[in-house]
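The structure appears below as structure tokens.
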Amino acid sequence: MSIKEKLSKEIVAAEGYLTGLFWKNPDNYNFFSEEKINFNSFMNSVYGYYFTLGRKLNEKGIRIFDDISVAQMVQETNTQSSYEKYGGFETMNELSYEVRDKNDNLDAYYSEIKKYNLINKLVDFFGERVVTTEGKYDYKKMSKEQLHTYWNDKILQLGIDGDNKYDEHFLLEGLEEEIIDWNENPTVGLPFFESKRMSKITTGWDYGHVYMYGGFGGSGKTSLTVNKVLMSCIQNKEKLLVIANEQSISEFKKALIVTAMGVGTKEYVDRQKLNEGNFTKEEKQKLSKAVKWVKDLCEGDDKLITFVFMENYIMDDVKKLIKHYSARGIRRLIIDTGKPSEGDTSMARWERFVEDMKEIYKLARPNGGGLNLAVWVNVQLADTALKMRFLNEYALGDAKKIKNEASVLFLGRFMWDDEYEGGKHELLVNQWDDFRGEFVDRPLKKDKGHQYYLIFTSKNRRGADNKTGQKVLVLKPYFGINTWYEVGFTTVYDDHNY
């Protein structure tokens, strides 16, 4: 018996049980991409065949694998001879029944299959030594990670760990072609809603990047996100997933309708009235017009925005949700609000937060096994930063290292009283003057009942940040109708008060 035959016999049970669990619950395919596990992952072709057949059924939206749907897929894939050779539908029917109480073992079966993938590759390079017990070395008792460590020097040289993705290129190759590609295929993301200046700062909200927006508690983080990000998805018919852990679906719907009145129908209903109810006839008409405006804008697609509320925010569950909806074509994501996973006492909360954001970045990135997502994460600034005039990553407190996972870090605060006209730290805002027909620098007057809002660009891989030439964006919010008008740019000098 050859080494490969020996290994295939040792792993056959795990391959069979895993395939059976996937057929029993096809939704598992959405959590394990084809890049992670496919036909080539199986040492026994019978289960490689059935596993692949199941994935094709799942991709067609079939959730119950009966003999009729399976037979149709066999015909479509022209694999009748393999299907009959491996026992037809009866093989998986029996296996699905056999694994009825083994669902908790799914991850263990997957890990064992990946371990034997590694062993199989190691055998190709190092031969019989890999499956020979010697001293404390026993491949059957060792985990994949332990095997990886044992063969570390050679593995690093040969790059054979199947779970890690490496993209090798030659920097000096194809420069001319790259320039042509930049010209013909600009990396311009989704523009922020009615925000030319904000869109210009980052060339929009693009795939493959994590955008973080930090604001103080109660300062309108969700409101701004609904106006600038969510409304843009509706306007541009872009599918969006919202993962919320603070505000309910009802609160988001209220924010949406209020925004629709502010930017669409140009009408007003007291926001508090949405909580109190007992609408007047006129208020009902205004709210109905706002609903119609939204439906017209999204062309009746009421499934465009998917909302998931998480009572317990745990990163492992967040990752499963993101993978689940990404497999269904939703590649834009808002997390409101990003925070450390609950219930983890193994490390400090800020350390947990940093680790969690690393996981979000890994999912968002366009390479290295990522899903190429456009991610927007709202985060809360530390109370200690309330005294900071110039906002940077230190406003995030102990969790400031989360900025390492972001391509863009926006931070916001209201203007201080001494920054208005006549104040000790008066800000000059570059804004359009209708009378003069040009942009001019002038201070802002403090209007009764209104405050201006400053957006700092603390980090920007898609352009300049506040340390490299990007000025601070000034907005004028009207919370009653949730509009955030762009006023202009200003300069806030870094006083190093952090």
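Following the order of the structure tokens, chains are lettered A, B, ..., residues in each are numbered from 1, and ligands are numbered from 1.
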Requested in this report: Would you list, as a PyMOL selection string, the residues of segment 100-317 of chain A that end up in alpha helix (DSSP H) under DSSP run on this structure's backbone?
Outcome: chain A and resi 106-126+144-150+152-158+175-184+196-202+221-225+231-235+249-260+273-276+281-297+315-317
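Within 9 Å of Thr222 of chain A, once only C-alpha atoms are used and residues closer than 5 positions along the same chain are dropped, the contacting residues are Asn227, Gln247, Phe252, Ala255, Asp336, Thr337 and Asn378 of chain A.
Distances to Glu34 of chain A were evaluated for A:Ala327, A:Ala108, A:Val258, A:Ile322 using only C-alpha atoms, and the minimum falls at A:Ala327.
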Query raised in the report: With distances taken over only C-alpha atoms, which of A:Arg331, A:Leu230, A:Val474, A:Lys400 is nearest to Asp206 of chain A?
Result: A:Arg331
Query - Residue contacts of Ala395 of chain A (6 Å, only C-alpha atoms) excluding same-chain residues fewer than 6 positions away, as a list of chain:residue names - result: A:Leu381, A:Ala382, A:Ala385
Write the residues you've just listed into a file as a compact mmCIF listing (two decimals), in the first residue's frame, and include N, CA, C and O atoms for each of them.
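Writing the result to result.txt gives the following:
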```txt
# COMPACT_ATOMS: atom_id res chain seq x y z
N LEU A 381 -15.19 57.62 20.48
CA LEU A 381 -13.96 58.20 20.97
C LEU A 381 -13.93 58.20 22.50
O LEU A 381 -14.98 58.22 23.15
N ALA A 382 -12.74 58.18 23.04
CA ALA A 382 -12.57 58.15 24.49
C ALA A 382 -13.00 59.48 25.10
O ALA A 382 -12.79 60.55 24.52
N ALA A 385 -10.64 62.33 25.35
CA ALA A 385 -10.31 63.13 24.15
C ALA A 385 -11.21 64.35 24.01
O ALA A 385 -11.04 65.13 23.07
```
Query raised in the report: Within 9 Å of Asn312 of chain A, counting only C-alpha atoms, which residues qualify if same-chain residues fewer than 5 places away don't, as number ranges by chain?
Result: A: 245, 341-343
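Among the candidates A:Gly277, A:Gly369, A:Gly338, A:Gly214, the residue lying nearest to Phe456 of chain A is A:Gly214 (atoms considered: only C-alpha atoms).
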Which residues are close to Val472 of chain A, i.e. within 6 Å by only C-alpha atoms, leaving aside same-chain residues fewer than 2 positions away? Reply as a PDB file with all heavy atoms, in the first residue's frame.
```pdb
ATOM      1  N   ILE A 455     -14.769  67.414  10.630  1.00  0.00           N
ATOM      2  CA  ILE A 455     -14.347  66.056  10.277  1.00  0.00           C
ATOM      3  C   ILE A 455     -12.839  66.066  10.015  1.00  0.00           C
ATOM      4  O   ILE A 455     -12.360  66.654   9.041  1.00  0.00           O
ATOM      5  CB  ILE A 455     -15.090  65.530   9.026  1.00  0.00           C
ATOM      6  CG1 ILE A 455     -16.585  65.419   9.286  1.00  0.00           C
ATOM      7  CG2 ILE A 455     -14.521  64.159   8.620  1.00  0.00           C
ATOM      8  CD1 ILE A 455     -16.986  64.298  10.228  1.00  0.00           C
ATOM      9  N   PHE A 456     -12.105  65.404  10.906  1.00  0.00           N
ATOM     10  CA  PHE A 456     -10.659  65.273  10.749  1.00  0.00           C
ATOM     11  C   PHE A 456     -10.349  64.001   9.953  1.00  0.00           C
ATOM     12  O   PHE A 456     -11.024  62.969  10.124  1.00  0.00           O
ATOM     13  CB  PHE A 456      -9.982  65.172  12.120  1.00  0.00           C
ATOM     14  CG  PHE A 456     -10.040  66.438  12.930  1.00  0.00           C
ATOM     15  CD1 PHE A 456     -11.207  66.795  13.603  1.00  0.00           C
ATOM     16  CD2 PHE A 456      -8.938  67.271  13.034  1.00  0.00           C
ATOM     17  CE1 PHE A 456     -11.272  67.957  14.364  1.00  0.00           C
ATOM     18  CE2 PHE A 456      -8.993  68.429  13.794  1.00  0.00           C
ATOM     19  CZ  PHE A 456     -10.168  68.783  14.459  1.00  0.00           C
ATOM     20  N   PHE A 489     -13.538  73.938   3.943  1.00  0.00           N
ATOM     21  CA  PHE A 489     -12.383  73.387   4.648  1.00  0.00           C
ATOM     22  C   PHE A 489     -11.755  74.440   5.557  1.00  0.00           C
ATOM     23  O   PHE A 489     -11.821  75.645   5.273  1.00  0.00           O
ATOM     24  CB  PHE A 489     -11.321  72.890   3.660  1.00  0.00           C
ATOM     25  CG  PHE A 489     -11.707  71.642   2.927  1.00  0.00           C
ATOM     26  CD1 PHE A 489     -12.063  71.685   1.582  1.00  0.00           C
ATOM     27  CD2 PHE A 489     -11.724  70.411   3.575  1.00  0.00           C
ATOM     28  CE1 PHE A 489     -12.413  70.533   0.897  1.00  0.00           C
ATOM     29  CE2 PHE A 489     -12.071  69.253   2.904  1.00  0.00           C
ATOM     30  CZ  PHE A 489     -12.422  69.312   1.564  1.00  0.00           C
ATOM     31  N   THR A 490     -11.146  73.962   6.636  1.00  0.00           N
ATOM     32  CA  THR A 490     -10.441  74.862   7.543  1.00  0.00           C
ATOM     33  C   THR A 490      -9.171  74.185   8.032  1.00  0.00           C
ATOM     34  O   THR A 490      -8.961  72.984   7.786  1.00  0.00           O
ATOM     35  CB  THR A 490     -11.324  75.255   8.743  1.00  0.00           C
ATOM     36  OG1 THR A 490     -10.694  76.307   9.483  1.00  0.00           O
ATOM     37  CG2 THR A 490     -11.568  74.065   9.671  1.00  0.00           C
ATOM     38  N   THR A 491      -8.349  74.932   8.743  1.00  0.00           N
ATOM     39  CA  THR A 491      -7.122  74.387   9.321  1.00  0.00           C
ATOM     40  C   THR A 491      -7.216  74.447  10.840  1.00  0.00           C
ATOM     41  O   THR A 491      -7.456  75.519  11.410  1.00  0.00           O
ATOM     42  CB  THR A 491      -5.894  75.180   8.856  1.00  0.00           C
ATOM     43  OG1 THR A 491      -5.776  75.081   7.431  1.00  0.00           O
ATOM     44  CG2 THR A 491      -4.629  74.625   9.501  1.00  0.00           C
TER      45      THR A 491
END
```
Report task. Could you give me, as an NGL selection string, the residues within 12 Å of Thr77 of chain A, counting only C-alpha atoms and dropping anything in the same chain fewer than 3 positions from it? Result -> :A and (49 or 52-54 or 56-57 or 70-74 or 80-83)
Query raised in the report: Just asking: which residues within segment 127-358 of chain A are strand (DSSP E or B) according to DSSP, as an MDAnalysis selection string?
Result: chainID A and resid 134 137 190 205 209:215 240:244 305:309 332:336
Query raised in the report: Excluding same-chain residues fewer than 2 positions from Glu355 of chain A, what lies within 10 Å of it counting only C-alpha atoms, as a PyMOL selection string?
Result: chain A and resi 315+340-341+349-353+357-360+401-402+405
